[in-house]
$ cat entry-v8.cif   # mmCIF, C-alpha atoms
data_entry
#
loop_
_atom_site.label_atom_id
_atom_site.label_comp_id
_atom_site.auth_asym_id
_atom_site.auth_seq_id
_atom_site.Cartn_x
_atom_site.Cartn_y
_atom_site.Cartn_z
CA MET M 338 0.00 0.00 0.00
CA ASN M 339 1.27 3.50 -0.84
CA GLY M 340 4.49 2.11 -2.30
CA GLY M 341 5.93 1.00 1.07
CA HIS M 342 5.00 4.23 2.85
CA ALA M 343 2.01 2.91 4.86
CA GLY M 344 1.18 5.00 7.89
CA HIS M 345 3.09 8.11 6.73
CA GLY M 346 1.24 11.43 6.66
CA HIS M 347 1.25 14.13 4.00
CA GLY M 348 3.85 16.25 5.78
CA HIS M 349 6.86 13.99 5.12
CA ASP M 350 9.78 15.28 3.10
CA HIS M 351 10.73 12.07 1.22
CA GLY M 352 14.15 13.49 0.51
CA HIS M 353 13.02 16.62 -1.34
CA ASP M 354 14.03 20.13 -0.30
CA HIS M 355 10.89 22.27 -0.05
CA SER M 356 12.28 25.00 2.16
CA HIS M 357 12.96 27.68 -0.50
CA GLY M 358 14.30 29.95 2.22
CA HIS M 359 11.00 30.27 4.09
CA ALA M 360 11.58 27.68 6.83
CA HIS M 361 13.91 30.00 8.77
CA ASP M 362 11.32 32.80 8.80
CA HIS M 363 8.60 30.37 9.90
CA ASP M 364 10.69 28.95 12.78
CA HIS M 365 11.82 32.44 13.79
CA ALA M 366 8.21 33.56 14.16
CA HIS M 367 7.48 30.61 16.44
CA ASP M 368 10.55 31.42 18.53
CA HIS M 369 9.09 34.81 19.43
CA GLY M 370 5.80 33.23 20.53
CA SER M 371 7.47 30.70 22.79
CA HIS M 372 9.79 33.38 24.21
CA ASP M 373 6.78 35.48 25.23
CA ALA M 374 5.20 32.48 26.99
CA HIS M 375 8.36 31.94 29.03
CA GLY M 376 8.52 35.63 29.97
CA LEU M 377 5.15 35.63 31.80
CA GLY M 378 5.29 36.14 35.54
CA PHE M 379 3.86 33.70 38.07
CA LEU M 380 0.72 35.79 38.67
CA ARG M 381 -0.01 36.20 34.98
CA LYS M 382 0.71 32.56 34.09
CA TYR M 383 -0.95 30.72 37.00
CA ILE M 384 -3.37 33.10 38.74
CA PHE M 385 -4.80 35.20 35.88
CA SER M 386 -4.39 32.56 33.18
CA THR M 387 -6.62 32.15 30.16
CA ASP M 388 -5.17 28.73 29.33
CA HIS M 389 -7.84 26.05 29.78
CA LYS M 390 -5.36 23.56 31.24
CA VAL M 391 -4.21 25.98 33.94
CA ILE M 392 -7.82 26.93 34.70
CA GLY M 393 -8.63 23.24 35.15
CA ILE M 394 -5.76 22.86 37.61
CA GLN M 395 -6.91 25.99 39.48
CA PHE M 396 -10.42 24.52 39.66
CA LEU M 397 -9.07 21.24 41.05
CA PHE M 398 -6.89 22.89 43.70
CA THR M 399 -9.67 25.27 44.73
CA SER M 400 -12.05 22.38 45.24
CA LEU M 401 -9.40 20.50 47.26
CA VAL M 402 -8.89 23.56 49.50
CA MET M 403 -12.66 23.83 49.96
CA LEU M 404 -12.77 20.11 50.80
CA LEU M 405 -10.22 20.74 53.53
CA PHE M 406 -12.18 23.75 54.81
CA GLY M 407 -15.43 21.76 54.85
CA GLY M 408 -13.60 18.98 56.72
CA LEU M 409 -12.44 21.45 59.36
CA LEU M 410 -16.03 22.63 59.81
CA ALA M 411 -17.06 18.98 60.20
CA MET M 412 -14.40 18.52 62.90
CA LEU M 413 -15.89 21.41 64.88
CA ILE M 414 -19.37 19.87 64.51
CA ARG M 415 -18.06 16.50 65.71
CA TRP M 416 -16.29 18.16 68.64
CA GLN M 417 -19.60 19.60 69.81
CA LEU M 418 -21.41 16.27 69.34
CA GLY M 419 -18.67 14.24 71.04
CA TRP M 420 -17.93 16.57 73.96
CA PRO M 421 -20.81 19.02 74.37
CA GLY M 422 -19.97 22.07 76.43
CA GLN M 423 -16.22 21.34 76.47
CA PRO M 424 -14.16 24.43 75.60
CA LEU M 425 -11.80 24.78 72.66
CA PRO M 426 -9.62 27.69 73.86
CA PHE M 427 -8.17 28.63 70.45
CA MET M 428 -11.66 29.00 68.98
CA GLU M 429 -12.47 31.90 71.29
CA ARG M 430 -9.92 33.97 69.38
CA LEU M 431 -11.20 32.84 65.96
CA ALA M 432 -14.93 33.14 66.75
CA PRO M 433 -15.46 35.22 69.89
CA ASN M 434 -19.23 35.58 69.36
CA GLY M 435 -19.83 31.96 68.38
CA MET M 436 -17.61 30.35 70.99
CA PRO M 437 -17.30 32.64 74.01
CA GLY M 438 -14.87 31.08 76.43
CA GLY M 439 -14.24 28.38 73.80
CA ILE M 440 -17.71 26.87 74.37
CA MET M 441 -19.95 26.63 71.31
CA VAL M 442 -23.32 28.39 71.43
CA PRO M 443 -26.28 26.68 69.67
CA GLU M 444 -26.58 29.35 66.95
CA TYR M 445 -22.91 28.86 66.06
CA TYR M 446 -23.48 25.10 65.81
CA ASN M 447 -26.36 25.69 63.37
CA MET M 448 -24.18 28.07 61.36
CA LEU M 449 -21.34 25.51 61.24
CA PHE M 450 -23.68 22.76 60.10
CA THR M 451 -25.18 24.93 57.34
CA MET M 452 -21.79 26.22 56.16
CA HIS M 453 -20.36 22.70 56.16
CA GLY M 454 -23.18 21.45 53.95
CA SER M 455 -22.99 24.41 51.57
CA VAL M 456 -19.20 24.31 51.22
CA MET M 457 -19.05 20.56 50.72
CA ILE M 458 -21.83 20.41 48.13
CA PHE M 459 -21.20 23.55 46.09
CA PHE M 460 -17.45 24.08 46.41
CA ALA M 461 -16.02 20.58 46.93
CA ILE M 462 -18.18 17.69 45.74
CA ILE M 463 -19.75 19.18 42.62
CA PRO M 464 -16.45 20.64 41.29
CA LEU M 465 -14.67 17.32 41.90
CA LEU M 466 -17.43 15.48 40.04
CA VAL M 467 -17.23 17.85 37.09
#
$ encode --input "entry-v8.cif" --output "structure tokens"
Amino acid sequence: MNGGHAGHGHGHDHGHDHSHGHAHDHDHAHDHGSHDAHGLGFLRKYIFSTDHKVIGIQFLFTSLVMLLFGGLLAMLIRWQLGWPGQPLPFMERLAPNGMPGGIMVPEYYNMLFTMHGSVMIFFAIIPLLV
């Protein structure tokens, strides 16, 4: 088939010189494009990217961070269920109104439960499934 050239595409040279002096200009133009891509700063390349692959990675890492945050909310819920009324001293500094003296008030528990559900469904589970 094809005179012994089965599987070869149309772009093969087959020993003929088709450059006619234009190949250097074509490669030189591509060099400028790749040089510009290497010159982008971290913020421009990874934070404010328009590249679909980088955006996909950002989406994945954001959902993993939200999964961690939702897990931390779940740990606070489980603390209250496991040891009701026991203080968590560091939480008084983080949430002085919700945990005065490190002891969780009922309204704060309801808020934690609602935030845990919202974060896990909308910012962790659904993005990881997509």
$ atom_distance --input "entry-v8.cif" --atom1 "atom CA of M:Ile394" --atom2 "atom CA of M:Leu449"
28.4 Å
$ atom_distance --input "entry-v8.cif" --atom1 "atom CA of M:Phe396" --atom2 "atom CA of M:Thr451"
23.0 Å
$ resolve_selection --input "entry-v8.cif" --expression "the PyMOL selection byres ((chain M and resi 414-427) around 9)" --output "VMD selection string"
chain M and resid 409 to 413 428 to 432 436 to 442 446 449 to 450 453
$ atom_distance --input "entry-v8.cif" --atom1 "atom CA of M:Asn447" --atom2 "atom CA of M:Ile462"
21.0 Å
$ closest_residue --input "entry-v8.cif" --among "M:Phe379, M:Gly393, M:Gly408, M:Asp388" --to "M:Val467" --atoms "only C-alpha atoms"
M:Gly393
$ residues_around --input "entry-v8.cif" --residues "M:Ser400" --least-positions-apart "3" --cutoff "6 Å" --atoms "all atoms listed in the file" --output "ChimeraX atom specification"
/M:397,403,460-461
$ closest_residue --input "entry-v8.cif" --among "M:Phe398, M:Gly407, M:Gly435, M:Pro443" --to "M:Ser455" --atoms "only C-alpha atoms"
M:Gly407
$ axis_aligned_box --input "entry-v8.cif" --around "stretch 425-433 of chain M" --padding-each-side "8 Å" --output "lines of an AutoDock Vina configuration file"
center_x = -11.8
center_y = 30.0
center_z = 69.9
size_x = 23.3
size_y = 26.4
size_z = 23.9
$ closest_residue --input "entry-v8.cif" --among "M:Ile384, M:Val391, M:Leu377, M:Leu404" --to "M:Phe459" --atoms "only C-alpha atoms"
M:Leu404
$ decode --input "entry-v8.cif" --residues "stretch 397-409 of chain M" --atoms "all heavy atoms" --output "PDB file, in the first residue's frame"
ATOM      1  N   LEU M 397      -9.331  22.417  40.231  1.00  0.00           N
ATOM      2  CA  LEU M 397      -9.069  21.240  41.052  1.00  0.00           C
ATOM      3  C   LEU M 397      -8.505  21.625  42.412  1.00  0.00           C
ATOM      4  O   LEU M 397      -8.982  21.150  43.449  1.00  0.00           O
ATOM      5  CB  LEU M 397      -8.113  20.297  40.327  1.00  0.00           C
ATOM      6  CG  LEU M 397      -7.700  19.046  41.096  1.00  0.00           C
ATOM      7  CD1 LEU M 397      -8.887  18.117  41.257  1.00  0.00           C
ATOM      8  CD2 LEU M 397      -6.573  18.353  40.389  1.00  0.00           C
ATOM      9  N   PHE M 398      -7.493  22.485  42.425  1.00  0.00           N
ATOM     10  CA  PHE M 398      -6.886  22.886  43.700  1.00  0.00           C
ATOM     11  C   PHE M 398      -7.858  23.687  44.572  1.00  0.00           C
ATOM     12  O   PHE M 398      -7.867  23.524  45.794  1.00  0.00           O
ATOM     13  CB  PHE M 398      -5.591  23.671  43.476  1.00  0.00           C
ATOM     14  CG  PHE M 398      -4.423  22.772  43.220  1.00  0.00           C
ATOM     15  CD1 PHE M 398      -3.773  22.803  42.003  1.00  0.00           C
ATOM     16  CD2 PHE M 398      -3.984  21.894  44.194  1.00  0.00           C
ATOM     17  CE1 PHE M 398      -2.698  21.956  41.759  1.00  0.00           C
ATOM     18  CE2 PHE M 398      -2.914  21.054  43.965  1.00  0.00           C
ATOM     19  CZ  PHE M 398      -2.270  21.079  42.744  1.00  0.00           C
ATOM     20  N   THR M 399      -8.682  24.522  43.957  1.00  0.00           N
ATOM     21  CA  THR M 399      -9.667  25.273  44.730  1.00  0.00           C
ATOM     22  C   THR M 399     -10.663  24.325  45.388  1.00  0.00           C
ATOM     23  O   THR M 399     -11.003  24.487  46.561  1.00  0.00           O
ATOM     24  CB  THR M 399     -10.404  26.285  43.837  1.00  0.00           C
ATOM     25  OG1 THR M 399      -9.445  27.169  43.274  1.00  0.00           O
ATOM     26  CG2 THR M 399     -11.427  27.079  44.620  1.00  0.00           C
ATOM     27  N   SER M 400     -11.107  23.314  44.650  1.00  0.00           N
ATOM     28  CA  SER M 400     -12.054  22.377  45.241  1.00  0.00           C
ATOM     29  C   SER M 400     -11.385  21.542  46.330  1.00  0.00           C
ATOM     30  O   SER M 400     -12.029  21.204  47.334  1.00  0.00           O
ATOM     31  CB  SER M 400     -12.687  21.485  44.179  1.00  0.00           C
ATOM     32  OG  SER M 400     -11.719  20.687  43.546  1.00  0.00           O
ATOM     33  N   LEU M 401     -10.093  21.227  46.202  1.00  0.00           N
ATOM     34  CA  LEU M 401      -9.396  20.498  47.262  1.00  0.00           C
ATOM     35  C   LEU M 401      -9.243  21.351  48.521  1.00  0.00           C
ATOM     36  O   LEU M 401      -9.382  20.853  49.640  1.00  0.00           O
ATOM     37  CB  LEU M 401      -8.032  20.018  46.773  1.00  0.00           C
ATOM     38  CG  LEU M 401      -8.063  18.889  45.739  1.00  0.00           C
ATOM     39  CD1 LEU M 401      -6.664  18.594  45.231  1.00  0.00           C
ATOM     40  CD2 LEU M 401      -8.711  17.652  46.299  1.00  0.00           C
ATOM     41  N   VAL M 402      -8.979  22.643  48.350  1.00  0.00           N
ATOM     42  CA  VAL M 402      -8.889  23.556  49.498  1.00  0.00           C
ATOM     43  C   VAL M 402     -10.256  23.660  50.176  1.00  0.00           C
ATOM     44  O   VAL M 402     -10.351  23.640  51.410  1.00  0.00           O
ATOM     45  CB  VAL M 402      -8.366  24.942  49.057  1.00  0.00           C
ATOM     46  CG1 VAL M 402      -8.561  25.982  50.146  1.00  0.00           C
ATOM     47  CG2 VAL M 402      -6.896  24.848  48.683  1.00  0.00           C
ATOM     48  N   MET M 403     -11.322  23.761  49.386  1.00  0.00           N
ATOM     49  CA  MET M 403     -12.663  23.827  49.959  1.00  0.00           C
ATOM     50  C   MET M 403     -13.035  22.523  50.654  1.00  0.00           C
ATOM     51  O   MET M 403     -13.744  22.528  51.662  1.00  0.00           O
ATOM     52  CB  MET M 403     -13.699  24.167  48.883  1.00  0.00           C
ATOM     53  CG  MET M 403     -13.616  25.587  48.408  1.00  0.00           C
ATOM     54  SD  MET M 403     -14.004  26.707  49.764  1.00  0.00           S
ATOM     55  CE  MET M 403     -12.937  28.047  49.377  1.00  0.00           C
ATOM     56  N   LEU M 404     -12.558  21.391  50.135  1.00  0.00           N
ATOM     57  CA  LEU M 404     -12.774  20.107  50.796  1.00  0.00           C
ATOM     58  C   LEU M 404     -12.115  20.101  52.169  1.00  0.00           C
ATOM     59  O   LEU M 404     -12.700  19.639  53.154  1.00  0.00           O
ATOM     60  CB  LEU M 404     -12.233  18.982  49.921  1.00  0.00           C
ATOM     61  CG  LEU M 404     -12.516  17.554  50.339  1.00  0.00           C
ATOM     62  CD1 LEU M 404     -13.999  17.257  50.217  1.00  0.00           C
ATOM     63  CD2 LEU M 404     -11.713  16.599  49.484  1.00  0.00           C
ATOM     64  N   LEU M 405     -10.918  20.641  52.249  1.00  0.00           N
ATOM     65  CA  LEU M 405     -10.217  20.743  53.534  1.00  0.00           C
ATOM     66  C   LEU M 405     -10.973  21.670  54.488  1.00  0.00           C
ATOM     67  O   LEU M 405     -11.164  21.340  55.662  1.00  0.00           O
ATOM     68  CB  LEU M 405      -8.790  21.254  53.319  1.00  0.00           C
ATOM     69  CG  LEU M 405      -7.960  21.488  54.565  1.00  0.00           C
ATOM     70  CD1 LEU M 405      -7.631  20.169  55.254  1.00  0.00           C
ATOM     71  CD2 LEU M 405      -6.673  22.212  54.209  1.00  0.00           C
ATOM     72  N   PHE M 406     -11.429  22.812  53.983  1.00  0.00           N
ATOM     73  CA  PHE M 406     -12.184  23.755  54.811  1.00  0.00           C
ATOM     74  C   PHE M 406     -13.485  23.127  55.320  1.00  0.00           C
ATOM     75  O   PHE M 406     -13.832  23.244  56.497  1.00  0.00           O
ATOM     76  CB  PHE M 406     -12.470  25.041  54.021  1.00  0.00           C
ATOM     77  CG  PHE M 406     -13.246  26.061  54.776  1.00  0.00           C
ATOM     78  CD1 PHE M 406     -12.714  26.689  55.890  1.00  0.00           C
ATOM     79  CD2 PHE M 406     -14.527  26.405  54.378  1.00  0.00           C
ATOM     80  CE1 PHE M 406     -13.439  27.630  56.599  1.00  0.00           C
ATOM     81  CE2 PHE M 406     -15.262  27.343  55.072  1.00  0.00           C
ATOM     82  CZ  PHE M 406     -14.713  27.954  56.191  1.00  0.00           C
ATOM     83  N   GLY M 407     -14.215  22.445  54.443  1.00  0.00           N
ATOM     84  CA  GLY M 407     -15.432  21.758  54.850  1.00  0.00           C
ATOM     85  C   GLY M 407     -15.149  20.670  55.867  1.00  0.00           C
ATOM     86  O   GLY M 407     -15.939  20.434  56.788  1.00  0.00           O
ATOM     87  N   GLY M 408     -13.992  19.992  55.744  1.00  0.00           N
ATOM     88  CA  GLY M 408     -13.599  18.985  56.722  1.00  0.00           C
ATOM     89  C   GLY M 408     -13.308  19.589  58.081  1.00  0.00           C
ATOM     90  O   GLY M 408     -13.642  19.001  59.116  1.00  0.00           O
ATOM     91  N   LEU M 409     -12.696  20.771  58.088  1.00  0.00           N
ATOM     92  CA  LEU M 409     -12.438  21.453  59.361  1.00  0.00           C
ATOM     93  C   LEU M 409     -13.745  21.875  60.036  1.00  0.00           C
ATOM     94  O   LEU M 409     -13.875  21.789  61.266  1.00  0.00           O
ATOM     95  CB  LEU M 409     -11.535  22.664  59.145  1.00  0.00           C
ATOM     96  CG  LEU M 409     -10.093  22.348  58.729  1.00  0.00           C
ATOM     97  CD1 LEU M 409      -9.338  23.623  58.393  1.00  0.00           C
ATOM     98  CD2 LEU M 409      -9.380  21.572  59.823  1.00  0.00           C
TER      99      LEU M 409
END
